[in-house]
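**Q** Structure supplied as run-v2.txt; contents: compact mmCIF, C-alpha atoms and all ligand atoms.
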```txt
# COMPACT_ATOMS: atom_id res chain seq x y z
CA MET A 498 -47.65 29.43 -20.69
CA LEU A 499 -44.21 31.00 -20.42
CA ILE A 500 -43.36 32.24 -16.92
CA HIS A 501 -40.40 34.50 -17.55
CA SER A 502 -37.89 37.01 -16.22
CA ALA A 503 -37.66 35.55 -12.70
CA SER A 504 -34.74 37.16 -10.92
CA GLN A 505 -33.91 33.71 -9.52
CA LEU A 506 -35.42 30.43 -10.67
CA LEU A 507 -34.69 27.71 -8.09
CA THR A 508 -34.84 24.37 -9.89
CA LEU A 509 -33.89 22.04 -7.00
CA ALA A 510 -33.15 19.59 -9.80
CA GLY A 511 -31.35 16.29 -9.33
CA GLY A 512 -33.37 14.34 -6.78
CA PRO A 513 -33.34 14.12 -2.98
CA GLN A 514 -30.36 15.83 -1.32
CA ARG A 515 -28.36 13.79 1.21
CA GLY A 516 -26.00 15.16 3.83
CA HIS A 517 -23.93 18.12 2.74
CA ALA A 518 -25.57 18.15 -0.70
CA LEU A 519 -28.58 19.70 1.10
CA GLY A 520 -29.12 23.24 -0.14
CA THR A 521 -28.26 22.73 -3.81
CA LEU A 522 -30.81 25.10 -5.28
CA GLY A 523 -29.81 25.00 -8.96
CA ILE A 524 -30.29 28.73 -9.46
CA ILE A 525 -30.96 30.12 -12.95
CA GLU A 526 -30.79 33.91 -13.05
CA HIS A 527 -33.33 35.61 -15.30
CA GLY A 528 -35.03 32.22 -15.44
CA ALA A 529 -38.11 30.98 -17.24
CA VAL A 530 -40.37 27.92 -17.25
CA VAL A 531 -42.75 26.70 -19.93
CA VAL A 532 -45.90 25.02 -18.63
CA ARG A 533 -48.41 23.09 -20.75
CA GLU A 534 -51.56 21.76 -19.15
CA GLU A 535 -50.42 20.34 -15.80
CA LYS A 536 -46.77 19.78 -16.65
CA ILE A 537 -43.42 21.54 -16.96
CA VAL A 538 -42.18 21.21 -20.54
CA ALA A 539 -39.05 23.40 -20.57
CA VAL A 540 -36.74 25.22 -18.12
CA GLY A 541 -33.93 27.68 -18.85
CA THR A 542 -33.02 31.33 -19.10
CA THR A 543 -35.65 33.79 -20.32
CA ASP A 544 -33.67 34.41 -23.51
CA GLU A 545 -33.47 30.69 -24.29
CA MET A 546 -37.13 30.04 -23.54
CA ARG A 547 -38.37 33.06 -25.52
CA ALA A 548 -36.36 31.91 -28.52
CA ALA A 549 -37.67 28.33 -28.30
CA TYR A 550 -41.30 29.24 -27.46
CA PRO A 551 -41.97 32.60 -29.19
CA HIS A 552 -45.79 32.31 -29.31
CA GLU A 553 -46.47 31.16 -25.76
CA PRO A 554 -48.83 33.30 -23.60
CA SER A 555 -46.68 34.79 -20.88
CA LEU A 556 -46.68 35.53 -17.18
CA ASP A 557 -44.15 38.08 -15.97
CA ALA A 558 -42.13 37.11 -12.88
CA SER A 559 -39.63 39.95 -13.01
CA GLY A 560 -38.27 40.96 -9.62
CA CYS A 561 -39.51 37.64 -8.21
CA VAL A 562 -38.16 34.26 -7.12
CA LEU A 563 -39.72 31.34 -9.01
CA MET A 564 -39.48 28.06 -7.11
CA PRO A 565 -41.23 24.71 -6.60
CA GLY A 566 -44.32 24.67 -4.35
CA PHE A 567 -43.71 23.63 -0.76
CA VAL A 568 -44.44 20.02 0.12
CA ASP A 569 -45.53 19.65 3.75
CA PRO A 570 -44.84 15.99 4.63
CA HIS A 571 -46.40 15.79 8.13
CA THR A 572 -49.75 17.26 9.16
CA HIS A 573 -52.72 16.27 11.32
CA VAL A 574 -54.83 18.81 9.47
CA ILE A 575 -58.21 17.08 9.87
CA TRP A 576 -59.89 17.49 13.25
CA ALA A 577 -62.91 19.16 14.89
CA GLY A 578 -62.83 21.91 17.52
CA ASP A 579 -59.74 23.40 19.12
CA ARG A 580 -57.67 23.19 22.33
CA ALA A 581 -57.12 26.84 23.10
CA ASN A 582 -58.00 26.04 26.74
CA GLU A 583 -54.95 23.76 27.08
CA PHE A 584 -52.47 26.31 25.81
CA GLY A 585 -52.62 28.33 29.02
CA MET A 586 -52.27 25.13 31.10
CA LYS A 587 -49.13 24.18 29.18
CA MET A 588 -47.64 27.63 29.53
CA ALA A 589 -48.35 27.45 33.28
CA GLY A 590 -46.15 24.36 33.43
CA MET A 591 -48.31 21.27 32.85
CA HIS A 592 -46.62 18.74 30.56
CA TYR A 593 -48.22 17.79 27.22
CA LEU A 594 -48.09 14.05 28.03
CA ASP A 595 -49.63 14.59 31.51
CA ILE A 596 -52.56 16.46 29.94
CA LEU A 597 -52.94 13.47 27.60
CA ALA A 598 -52.78 10.96 30.48
CA ALA A 599 -55.48 12.97 32.29
CA GLY A 600 -57.84 12.46 29.33
CA GLY A 601 -57.15 15.78 27.63
CA GLY A 602 -54.78 16.47 24.76
CA ILE A 603 -55.30 14.22 21.76
CA ILE A 604 -58.20 12.51 23.58
CA SER A 605 -60.14 15.76 23.91
CA THR A 606 -59.83 16.31 20.14
CA VAL A 607 -60.91 12.68 19.68
CA HIS A 608 -64.18 13.39 21.53
CA ALA A 609 -64.85 16.48 19.38
CA THR A 610 -63.97 14.60 16.18
CA ARG A 611 -66.08 11.53 16.92
CA THR A 612 -69.21 13.64 17.34
CA ALA A 613 -68.59 15.72 14.19
CA SER A 614 -70.32 14.86 10.93
CA ILE A 615 -68.26 14.39 7.78
CA GLU A 616 -69.64 17.74 6.55
CA THR A 617 -68.39 19.47 9.71
CA LEU A 618 -64.99 17.81 9.44
CA ILE A 619 -64.66 18.92 5.84
CA SER A 620 -65.88 22.45 6.47
CA GLN A 621 -63.50 22.93 9.44
CA THR A 622 -60.52 21.47 7.57
CA ARG A 623 -60.99 23.18 4.19
CA PRO A 624 -60.00 26.70 5.36
CA ARG A 625 -56.83 25.32 6.98
CA LEU A 626 -55.87 23.70 3.68
CA LEU A 627 -56.67 26.88 1.76
CA ARG A 628 -54.49 28.94 4.12
CA MET A 629 -51.67 26.42 3.67
CA PHE A 630 -52.10 26.80 -0.07
CA ALA A 631 -52.05 30.60 0.13
CA HIS A 632 -48.74 30.28 2.00
CA GLY A 633 -47.27 28.15 -0.77
CA THR A 634 -47.97 24.53 0.17
CA THR A 635 -49.03 22.74 -3.00
CA THR A 636 -49.00 19.19 -1.58
CA ALA A 637 -49.52 18.14 2.04
CA GLU A 638 -49.45 14.85 3.84
CA ALA A 639 -52.60 14.49 6.01
CA LYS A 640 -53.12 11.96 8.78
CA SER A 641 -56.25 10.48 10.29
CA GLY A 642 -55.86 9.73 13.99
CA TYR A 643 -58.49 11.65 15.94
CA GLY A 644 -61.06 8.86 15.64
CA LEU A 645 -59.35 5.90 17.35
CA GLN A 646 -62.33 3.71 16.45
CA THR A 647 -62.87 2.09 13.10
CA ALA A 648 -65.94 4.04 11.95
CA THR A 649 -64.52 7.49 12.79
CA GLU A 650 -61.10 6.69 11.33
CA LEU A 651 -62.83 5.69 8.07
CA ARG A 652 -64.88 8.91 8.18
CA LEU A 653 -61.63 10.88 8.45
CA LEU A 654 -60.11 9.01 5.51
CA LYS A 655 -63.28 9.60 3.48
CA ALA A 656 -63.20 13.33 4.28
CA LEU A 657 -59.53 13.52 3.30
CA LEU A 658 -60.22 11.78 -0.02
CA ALA A 659 -63.01 14.32 -0.69
CA LEU A 660 -60.72 17.25 0.15
CA ASP A 661 -57.97 15.81 -2.05
CA ASP A 662 -60.48 15.49 -4.88
CA GLU A 663 -61.70 19.05 -4.39
CA GLY A 664 -58.19 20.56 -4.49
CA PRO A 665 -56.38 22.78 -5.15
CA LEU A 666 -53.87 21.13 -2.79
CA ASP A 667 -52.94 17.52 -3.37
CA LEU A 668 -53.01 15.34 -0.25
CA ALA A 669 -50.87 12.33 0.60
CA ILE A 670 -53.05 10.44 3.07
CA THR A 671 -51.87 8.53 6.14
CA PHE A 672 -53.79 6.18 8.43
CA LEU A 673 -52.83 6.96 12.04
CA GLY A 674 -55.21 4.76 14.01
CA ALA A 675 -52.24 4.29 16.35
CA HIS A 676 -52.10 7.97 17.34
CA ALA A 677 -53.04 7.37 21.00
CA ILE A 678 -54.60 4.63 23.09
CA ALA A 679 -58.37 4.98 22.56
CA PRO A 680 -60.18 6.09 25.76
CA GLU A 681 -62.14 2.79 25.92
CA PHE A 682 -58.79 0.97 26.19
CA LYS A 683 -57.24 3.33 28.74
CA ASP A 684 -56.09 0.43 30.93
CA ASP A 685 -55.53 -2.01 28.07
CA PRO A 686 -53.05 -0.57 25.57
CA GLN A 687 -52.33 -4.07 24.31
CA GLY A 688 -56.02 -4.55 23.54
CA TYR A 689 -56.10 -1.34 21.50
CA THR A 690 -52.92 -2.36 19.66
CA ASP A 691 -54.63 -5.67 18.81
CA LEU A 692 -57.66 -3.78 17.50
CA VAL A 693 -55.47 -1.61 15.25
CA CYS A 694 -53.50 -4.59 13.92
CA ASP A 695 -56.13 -7.29 13.64
CA THR A 696 -59.23 -5.25 12.77
CA MET A 697 -58.49 -1.71 11.59
CA LEU A 698 -55.57 -2.33 9.24
CA PRO A 699 -57.29 -5.10 7.23
CA ILE A 700 -60.52 -3.05 7.10
CA VAL A 701 -58.67 0.08 5.94
CA LYS A 702 -56.96 -1.91 3.21
CA GLU A 703 -60.23 -3.33 1.91
CA TRP A 704 -62.07 -0.01 2.29
CA TRP A 705 -59.36 1.83 0.37
CA GLY A 706 -59.59 -0.68 -2.46
CA THR A 707 -63.26 0.19 -2.99
CA HIS A 708 -63.18 3.95 -2.15
CA ALA A 709 -59.88 4.94 -3.77
CA PRO A 710 -59.12 2.17 -6.27
CA ARG A 711 -56.93 4.41 -8.43
CA LEU A 712 -54.71 5.57 -5.55
CA SER A 713 -51.91 3.55 -4.01
CA LEU A 714 -52.39 2.55 -0.38
CA PRO A 715 -52.05 5.30 2.27
CA PHE A 716 -49.11 5.45 4.66
CA VAL A 717 -49.49 3.84 8.06
CA ASP A 718 -47.98 5.77 10.98
CA VAL A 719 -47.65 5.13 14.74
CA PHE A 720 -46.92 7.45 17.69
CA CYS A 721 -44.00 5.58 19.31
CA GLU A 722 -43.77 7.31 22.70
CA ASN A 723 -44.28 6.82 26.44
CA LYS A 724 -48.01 7.03 27.24
CA ALA A 725 -48.77 6.18 23.60
CA PHE A 726 -47.32 3.07 21.85
CA ASN A 727 -44.16 1.42 23.19
CA LEU A 728 -41.52 0.00 20.87
CA GLU A 729 -42.99 -3.51 20.76
CA GLN A 730 -46.50 -2.22 20.07
CA SER A 731 -45.11 0.11 17.39
CA ARG A 732 -43.25 -2.79 15.83
CA ARG A 733 -46.46 -4.84 15.72
CA VAL A 734 -48.43 -2.07 14.05
CA LEU A 735 -45.78 -1.34 11.43
CA THR A 736 -44.92 -4.98 10.75
CA LYS A 737 -48.58 -5.85 10.23
CA ALA A 738 -49.03 -2.78 8.00
CA ARG A 739 -46.01 -3.72 5.95
CA SER A 740 -47.25 -7.28 5.49
CA LEU A 741 -50.50 -5.82 4.07
CA GLY A 742 -48.52 -3.66 1.62
CA PHE A 743 -48.86 -0.24 3.31
CA PRO A 744 -45.88 2.16 3.10
CA LEU A 745 -44.72 3.25 6.57
CA LYS A 746 -44.01 6.31 8.72
CA ILE A 747 -43.33 6.75 12.43
CA HIS A 748 -43.51 9.46 15.12
CA ALA A 749 -40.27 8.88 17.01
CA ASP A 750 -38.21 10.59 19.73
CA GLU A 751 -40.56 13.55 20.26
CA PHE A 752 -40.18 13.41 24.06
CA ASP A 753 -38.28 10.17 24.79
CA ASN A 754 -36.07 7.85 22.80
CA LEU A 755 -37.76 4.44 22.63
CA GLY A 756 -35.84 3.19 19.58
CA GLY A 757 -38.39 4.17 16.95
CA VAL A 758 -35.81 5.42 14.45
CA SER A 759 -33.96 2.10 14.27
CA LEU A 760 -37.31 0.36 13.84
CA ALA A 761 -38.21 2.70 10.97
CA VAL A 762 -34.87 2.12 9.24
CA GLU A 763 -35.11 -1.65 9.75
CA LEU A 764 -38.59 -1.78 8.23
CA GLY A 765 -37.74 0.56 5.35
CA ALA A 766 -40.15 3.32 6.42
CA ALA A 767 -40.42 6.32 4.09
CA SER A 768 -39.74 8.66 6.99
CA ALA A 769 -39.15 8.96 10.73
CA ASP A 770 -40.59 12.18 12.12
CA HIS A 771 -39.99 14.52 15.11
CA LEU A 772 -36.48 13.23 16.05
CA VAL A 773 -35.73 15.43 19.04
CA LYS A 774 -34.27 12.85 21.45
CA THR A 775 -32.51 10.92 18.70
CA SER A 776 -29.32 9.08 19.69
CA GLU A 777 -25.97 9.14 17.89
CA ALA A 778 -26.46 5.53 16.80
CA ASP A 779 -29.87 6.37 15.33
CA ILE A 780 -28.43 9.41 13.53
CA ALA A 781 -25.74 7.15 12.04
CA ALA A 782 -28.45 4.70 10.91
CA LEU A 783 -30.36 7.51 9.17
CA GLY A 784 -27.16 8.42 7.34
CA LYS A 785 -27.20 5.06 5.58
CA ALA A 786 -30.93 4.79 5.01
CA GLU A 787 -33.54 5.93 2.51
CA THR A 788 -35.76 6.76 5.50
CA VAL A 789 -36.13 10.55 5.47
CA ALA A 790 -35.55 12.38 8.77
CA VAL A 791 -38.53 14.75 9.04
CA SER A 792 -37.94 17.51 11.55
CA LEU A 793 -40.91 19.45 12.98
CA PRO A 794 -39.41 22.51 14.66
CA CYS A 795 -42.78 24.16 15.22
CA THR A 796 -43.65 21.42 17.73
CA PRO A 797 -41.04 22.28 20.39
CA PHE A 798 -41.66 25.94 19.57
CA GLY A 799 -45.41 25.48 20.02
CA LEU A 800 -44.83 23.73 23.34
CA ALA A 801 -42.29 26.36 24.43
CA GLU A 802 -39.59 23.68 24.78
CA CYS A 803 -35.98 24.31 23.98
CA HIS A 804 -34.79 21.05 22.37
CA TYR A 805 -34.90 20.67 18.59
CA THR A 806 -33.93 17.99 16.07
CA PRO A 807 -30.11 17.62 15.81
CA ALA A 808 -30.41 18.64 12.17
CA ARG A 809 -26.76 19.49 11.62
CA GLU A 810 -25.68 16.13 13.02
CA ILE A 811 -28.12 14.38 10.67
CA ILE A 812 -26.63 16.32 7.74
CA GLU A 813 -23.10 15.49 8.95
CA ALA A 814 -24.04 11.78 9.10
CA ASP A 815 -25.27 11.96 5.46
CA GLY A 816 -28.97 11.69 6.28
CA ILE A 817 -31.84 13.01 4.14
CA LEU A 818 -33.40 15.88 6.08
CA ALA A 819 -36.89 17.28 5.47
CA LEU A 820 -39.08 19.80 7.30
CA ALA A 821 -42.83 19.85 8.00
CA THR A 822 -45.40 21.87 9.94
CA ASP A 823 -46.96 19.01 12.02
CA CYS A 824 -50.07 21.23 11.90
CA ASN A 825 -52.39 19.96 14.67
CA PRO A 826 -54.66 21.41 17.36
CA GLY A 827 -52.45 20.43 20.31
CA THR A 828 -48.76 21.07 19.87
CA THR A 829 -48.57 23.44 16.92
CA TRP A 830 -51.36 24.99 14.90
CA ASN A 831 -49.19 26.47 12.19
CA GLU A 832 -50.13 26.32 8.53
CA SER A 833 -47.12 28.05 6.98
CA MET A 834 -44.02 26.33 5.65
CA GLN A 835 -42.46 29.81 5.45
CA PHE A 836 -42.57 29.99 9.24
CA VAL A 837 -41.09 26.47 9.44
CA ILE A 838 -38.16 27.70 7.33
CA ALA A 839 -37.62 30.80 9.48
CA LEU A 840 -37.66 28.71 12.66
CA ALA A 841 -35.49 25.90 11.26
CA CYS A 842 -32.81 28.44 10.31
CA ARG A 843 -32.69 29.93 13.80
CA ALA A 844 -33.34 26.93 16.06
CA MET A 845 -31.37 24.32 14.09
CA LYS A 846 -28.89 26.57 12.30
CA LEU A 847 -29.87 25.66 8.77
CA THR A 848 -29.13 28.07 5.96
CA PRO A 849 -32.12 29.33 3.93
CA ALA A 850 -30.89 27.21 1.01
CA GLN A 851 -30.84 24.05 3.17
CA ALA A 852 -34.28 24.81 4.58
CA ILE A 853 -35.69 25.38 1.08
CA ALA A 854 -34.39 22.00 -0.14
CA ALA A 855 -35.81 20.40 3.02
CA THR A 856 -39.28 21.82 2.27
CA THR A 857 -39.38 20.95 -1.44
CA ILE A 858 -37.45 18.07 -3.00
CA ASN A 859 -36.60 16.29 0.27
CA SER A 860 -40.09 16.67 1.70
CA ALA A 861 -41.48 15.33 -1.58
CA TYR A 862 -39.24 12.30 -1.06
CA ALA A 863 -40.57 11.89 2.51
CA ILE A 864 -43.98 11.15 0.96
CA ARG A 865 -42.35 9.24 -1.91
CA ARG A 866 -43.43 11.72 -4.58
CA ALA A 867 -40.03 13.12 -5.55
CA ASP A 868 -40.48 11.70 -9.04
CA THR A 869 -43.43 14.03 -9.76
CA ILE A 870 -43.13 17.09 -7.47
CA GLY A 871 -40.57 19.01 -5.36
CA SER A 872 -38.44 20.49 -8.15
CA ILE A 873 -38.70 22.38 -11.43
CA GLU A 874 -37.71 19.79 -14.02
CA VAL A 875 -39.11 18.82 -17.39
CA GLY A 876 -41.93 16.29 -17.04
CA LYS A 877 -42.79 17.16 -13.47
CA GLN A 878 -46.13 18.53 -12.30
CA ALA A 879 -46.29 22.33 -12.67
CA ASP A 880 -46.55 23.17 -8.95
CA LEU A 881 -44.71 26.49 -8.62
CA LEU A 882 -44.48 29.60 -6.47
CA ILE A 883 -43.82 33.17 -7.50
CA LEU A 884 -42.51 35.03 -4.47
CA SER A 885 -42.87 38.79 -4.13
CA VAL A 886 -39.12 39.09 -3.44
CA PRO A 887 -36.09 38.94 -5.76
CA ASP A 888 -33.73 36.81 -3.63
CA TYR A 889 -34.42 33.38 -2.07
CA ARG A 890 -32.64 34.37 1.15
CA GLN A 891 -35.62 36.54 2.02
CA LEU A 892 -37.24 33.21 2.98
CA GLY A 893 -36.13 32.51 6.51
CA TYR A 894 -34.88 36.04 6.98
CA ARG A 895 -38.43 37.40 7.02
CA TYR A 896 -41.32 35.77 8.87
CA GLY A 897 -44.83 36.54 10.08
CA THR A 898 -45.75 37.77 6.63
CA ASN A 899 -46.61 35.95 3.42
CA LEU A 900 -43.97 36.23 0.68
CA VAL A 901 -46.02 34.19 -1.83
CA LYS A 902 -47.47 36.29 -4.63
CA GLN A 903 -48.86 33.60 -6.91
CA VAL A 904 -49.25 29.84 -6.63
CA ILE A 905 -49.27 27.77 -9.80
CA LYS A 906 -50.90 24.42 -9.10
CA ARG A 907 -51.02 21.78 -11.85
CA GLY A 908 -50.48 24.62 -14.31
CA ARG A 909 -53.30 26.86 -13.01
CA VAL A 910 -52.41 30.30 -11.67
CA TYR A 911 -53.83 31.44 -8.30
CA SER A 912 -53.13 34.96 -7.07
CA VAL A 913 -52.42 35.43 -3.40
CA ASP A 914 -51.32 39.03 -3.35
CA VAL A 915 -53.23 41.02 -0.75
CA GLY A 916 -52.97 44.12 -2.91
CA TYR A 917 -53.87 47.49 -1.49
CA TYR A 918 -57.01 48.68 0.24
CA ARG A 919 -58.70 51.37 -1.73
CA THR A 920 -61.23 53.91 -0.53
CA ALA A 921 -64.19 54.60 -2.78
O1 LIG B 1001 -47.20 15.18 16.13
N1 LIG B 1001 -47.35 13.57 18.72
C1 LIG B 1001 -48.44 13.20 18.36
N2 LIG B 1001 -49.22 13.87 17.53
C2 LIG B 1001 -49.17 15.26 17.31
C3 LIG B 1001 -49.89 16.01 18.35
C4 LIG B 1001 -51.33 15.77 18.25
C5 LIG B 1001 -52.15 16.51 19.24
O2 LIG B 1001 -51.68 16.93 20.31
O3 LIG B 1001 -53.35 16.64 18.95
C6 LIG B 1001 -47.76 15.70 17.08
O4 LIG B 1001 -47.22 16.57 17.77
FE FE B 1002 -47.37 14.47 14.28
```
Show me this structure written as structure tokens.
Ligand code: NIG
Ligand code: FE
**A**
Amino acid sequence: MLIHSASQLLTLAGGPQRGHALGTLGIIEHGAVVVREEKIVAVGTTDEMRAAYPHEPSLDASGCVLMPGFVDPHTHVIWAGDRANEFGMKMAGMHYLDILAAGGGIISTVHATRTASIETLISQTRPRLLRMFAHGTTTAEAKSGYGLQTATELRLLKALLALDDEGPLDLAITFLGAHAIAPEFKDDPQGYTDLVCDTMLPIVKEWWGTHAPRLSLPFVDVFCENKAFNLEQSRRVLTKARSLGFPLKIHADEFDNLGGVSLAVELGAASADHLVKTSEADIAALGKAETVAVSLPCTPFGLAECHYTPAREIIEADGILALATDCNPGTTWNESMQFVIALACRAMKLTPAQAIAATTINSAYAIRRADTIGSIEVGKQADLLILSVPDYRQLGYRYGTNLVKQVIKRGRVYSVDVGYYRTA
């Protein structure tokens, strides 16, 4: 298939973008891509591609931007129920961590999730994934973490594997047994940390080997925060995970700086996420590391807080910046990377070009898939978006509406266009 005549083709070629290289879109005007089966086989101008592939069936992208699919590198997309009741409490002034300490917050979703069957979990999660897809996300990271007991955590992983299998989105799965202290261990956080390290992690490793033998091990993540896991407990979880061969991630500096970023860099984590209260020393460490700084601007927005990731400082320090939704039922139920871009531009003063690189090639690197997705380059998976607009700067500028016209996932074309209502 020849996708041709795009007013702008954004290649994002050349690998993850550090520091001031962020925002290198690699624009080809009047661009075209040749896709065979699931892969990209040629990229260039429409004239060049038509000459080289004269008999290819074609898809017209005139007047449209053609770009890589969004990669959302941080979501908690699998859960049961909702927390609409807590939103009003938060807006009336109650703090997120105090709701958690009072047995609400994550713990209330844990109760709903533990009592849900795998069929319910799948049927409640599927529409969220499909809406993400319709808004241009072609690969999403997805964390467990609302079970906090071995059996439910395994049920969540099993449901995520089934949803990954079903498609069309690809999932990069993360085990987040250390999302909160389980309610049974309310007064014994050390005991729950022991359970995660000594029981859950070895069981997850063995279970994965039999249930997903062809996939590499999932990421292991920990919520390093006051009222969740302190720095020492986080270190134990990640060190144990690393010794078992799991790749690592961390939730760090969302509300308080406990030193999670330095820990992530020291242990070679793929990413450190949230990064609101990040110190100058930690920013400098990110500037020398392969650990991607994943900013989640929808989280402070969702909580109506005014502090965001110091994204420009991270760029200045030569860090690798990525953006994600953090989609979850508590802090931010947002499924659209287009909204993340619009918010990142305004709240963190990124340009649309920087935000686009942070939601494609850099976010692919945050889940260590930058060799197969995140850019339009020969040999990569054909995960592409055709936007209904002719200029990439419309992303960020416009929000609250879906600019995706078609999603091409592994070479298959899905139409998203709402079209027009017709009367009979
Ligand atoms: O990333 N911070 C911890 N986890 C989620 C929130 C989960 C929830 O409130 O249910 C986050 O914001
Ligand atoms: Fe999160």
**Q** To check your reading of the model: which residues sit at most 7 Å from ligand LIG 1001 (chain B) when counting only C-alpha atoms and all ligand atoms? Write the answer as a VMD selection string.
**A** chain A and resid 602 to 603 606 676 720 748 751 796 823 825 to 828
**Q** Give me, as a PyMOL selection string, all polymer residues having an atom no more than 9 Å from stretch 525-535 of chain A, counting all atoms listed in the file and skipping those fewer than 3 positions away in the same chain.
**A** chain A and resi 498-508+538-547+550+553+558-559+563+873+877-880+906-909
**Q** Go ahead and dump the residues you just picked, C-alpha atoms, as a PDB file, keeping the file's coordinate frame.
**A**
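New file out-v2.pdb:
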```pdb
ATOM      1  CA  MET A 498     -47.650  29.430 -20.690  1.00  0.00           C
ATOM      2  CA  LEU A 499     -44.210  31.000 -20.420  1.00  0.00           C
ATOM      3  CA  ILE A 500     -43.360  32.240 -16.920  1.00  0.00           C
ATOM      4  CA  HIS A 501     -40.400  34.500 -17.550  1.00  0.00           C
ATOM      5  CA  SER A 502     -37.890  37.010 -16.220  1.00  0.00           C
ATOM      6  CA  ALA A 503     -37.660  35.550 -12.700  1.00  0.00           C
ATOM      7  CA  SER A 504     -34.740  37.160 -10.920  1.00  0.00           C
ATOM      8  CA  GLN A 505     -33.910  33.710  -9.520  1.00  0.00           C
ATOM      9  CA  LEU A 506     -35.420  30.430 -10.670  1.00  0.00           C
ATOM     10  CA  LEU A 507     -34.690  27.710  -8.090  1.00  0.00           C
ATOM     11  CA  THR A 508     -34.840  24.370  -9.890  1.00  0.00           C
ATOM     12  CA  VAL A 538     -42.180  21.210 -20.540  1.00  0.00           C
ATOM     13  CA  ALA A 539     -39.050  23.400 -20.570  1.00  0.00           C
ATOM     14  CA  VAL A 540     -36.740  25.220 -18.120  1.00  0.00           C
ATOM     15  CA  GLY A 541     -33.930  27.680 -18.850  1.00  0.00           C
ATOM     16  CA  THR A 542     -33.020  31.330 -19.100  1.00  0.00           C
ATOM     17  CA  THR A 543     -35.650  33.790 -20.320  1.00  0.00           C
ATOM     18  CA  ASP A 544     -33.670  34.410 -23.510  1.00  0.00           C
ATOM     19  CA  GLU A 545     -33.470  30.690 -24.290  1.00  0.00           C
ATOM     20  CA  MET A 546     -37.130  30.040 -23.540  1.00  0.00           C
ATOM     21  CA  ARG A 547     -38.370  33.060 -25.520  1.00  0.00           C
ATOM     22  CA  TYR A 550     -41.300  29.240 -27.460  1.00  0.00           C
ATOM     23  CA  GLU A 553     -46.470  31.160 -25.760  1.00  0.00           C
ATOM     24  CA  ALA A 558     -42.130  37.110 -12.880  1.00  0.00           C
ATOM     25  CA  SER A 559     -39.630  39.950 -13.010  1.00  0.00           C
ATOM     26  CA  LEU A 563     -39.720  31.340  -9.010  1.00  0.00           C
ATOM     27  CA  ILE A 873     -38.700  22.380 -11.430  1.00  0.00           C
ATOM     28  CA  LYS A 877     -42.790  17.160 -13.470  1.00  0.00           C
ATOM     29  CA  GLN A 878     -46.130  18.530 -12.300  1.00  0.00           C
ATOM     30  CA  ALA A 879     -46.290  22.330 -12.670  1.00  0.00           C
ATOM     31  CA  ASP A 880     -46.550  23.170  -8.950  1.00  0.00           C
ATOM     32  CA  LYS A 906     -50.900  24.420  -9.100  1.00  0.00           C
ATOM     33  CA  ARG A 907     -51.020  21.780 -11.850  1.00  0.00           C
ATOM     34  CA  GLY A 908     -50.480  24.620 -14.310  1.00  0.00           C
ATOM     35  CA  ARG A 909     -53.300  26.860 -13.010  1.00  0.00           C
TER      36      ARG A 909
END
```
**Q** Distance atom CA of A:Val693-atom CA of A:Phe716, one decimal place?
**A**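 That distance, rounded to one decimal, is 14.2 Å.
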**Q** Find the residues near A:Thr775: any atom within 10 Å, counting all atoms listed in the file, skip ones fewer than 5 places away on the same chain, and give them as a list in words.
**A** Ala749, Asp750, Glu751, Phe752, Asp753, Asn754, Leu755, Gly756, Gly757, Val758, Ser759, Ile780, Thr806, Pro807 and Ile811 of chain A
**Q** Hey, which of A:Pro797, A:Gly566, A:Gly560, A:Pro665 ends up closest to ligand FE 1002 (chain B)? Count only C-alpha atoms and all ligand atoms.
**A**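 Closest residue, counting only C-alpha atoms and all ligand atoms: A:Pro797.
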**Q** Report as a ChimeraX atom specification all protein, DNA and RNA residues lying within 8 Å of A:Leu735, evaluated on all atoms listed in the file, omitting residues in the same chain fewer than 6 positions from it.
**A** /A:717-719,745,764
**Q** Which residue, A:His708, A:Lys640, A:Arg890, A:Lys724, has the smallest gap to ligand FE 1002 (chain B) when you use only C-alpha atoms and all ligand atoms?
**A**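 Ranking A:His708, A:Lys640, A:Arg890, A:Lys724 by distance to ligand FE 1002 (chain B), first place goes to A:Lys640.
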**Q** Quick one: of A:Val886, A:Ala808, A:Cys795, A:Ala854, who's nearest to ligand FE 1002 (chain B), counting only C-alpha atoms and all ligand atoms?
**A** A:Cys795
**Q** Can you tell me how far atom CA of A:Leu882 sits from atom CA of A:Leu658, in Å to one decimal?
**A**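 Going from atom CA of A:Leu882 over to atom CA of A:Leu658, I get 24.6 Å.
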**Q** If we count only C-alpha atoms, what is near stretch 677-682 of chain A at a cut-off of 8 Å, once residues fewer than 2 positions away on the same chain are taken out, given as a PyMOL selection string?
**A** chain A and resi 600+603-604+642+645-646+674-675+684-686+688-690+720+725-726
**Q** In the coordinate frame of the file, compute which residues have an atom within 6 Å of (-54.6, -3.2, 6.6) when using only C-alpha atoms, and state them as number ranges by chain.
**A** A: 698-702, 738, 741
**Q** Between atom CA of A:Gly742 and atom CA of A:Val791, what distance in Å does the model show, to one decimal?
**A** 22.2 Å
**Q** Tell me which protein, DNA and RNA residues are within 9 Å of A:Leu783, counting all atoms listed in the file, leaving out same-chain ones fewer than 6 positions away, and put them as a list in words.
**A** Val758, Ser759, Val762, Val789, Ala790, Ile811, Ala814, Asp815, Gly816 and Ile817 of chain A
**Q** Hey, which of A:Tyr894, A:Trp704, A:Trp830, A:Tyr889 ends up closest to ligand FE 1002 (chain B)? Count all atoms listed in the file.
**A** A:Trp830
**Q** Smallest atom-to-atom distance to ligand FE 1002 (chain B): which of A:Asp569, A:Glu777, A:Asp579, A:Glu650, using only C-alpha atoms and all ligand atoms?
**A**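 Going through A:Asp569, A:Glu777, A:Asp579, A:Glu650 one by one, the smallest distance to ligand FE 1002 (chain B) is for A:Asp569.
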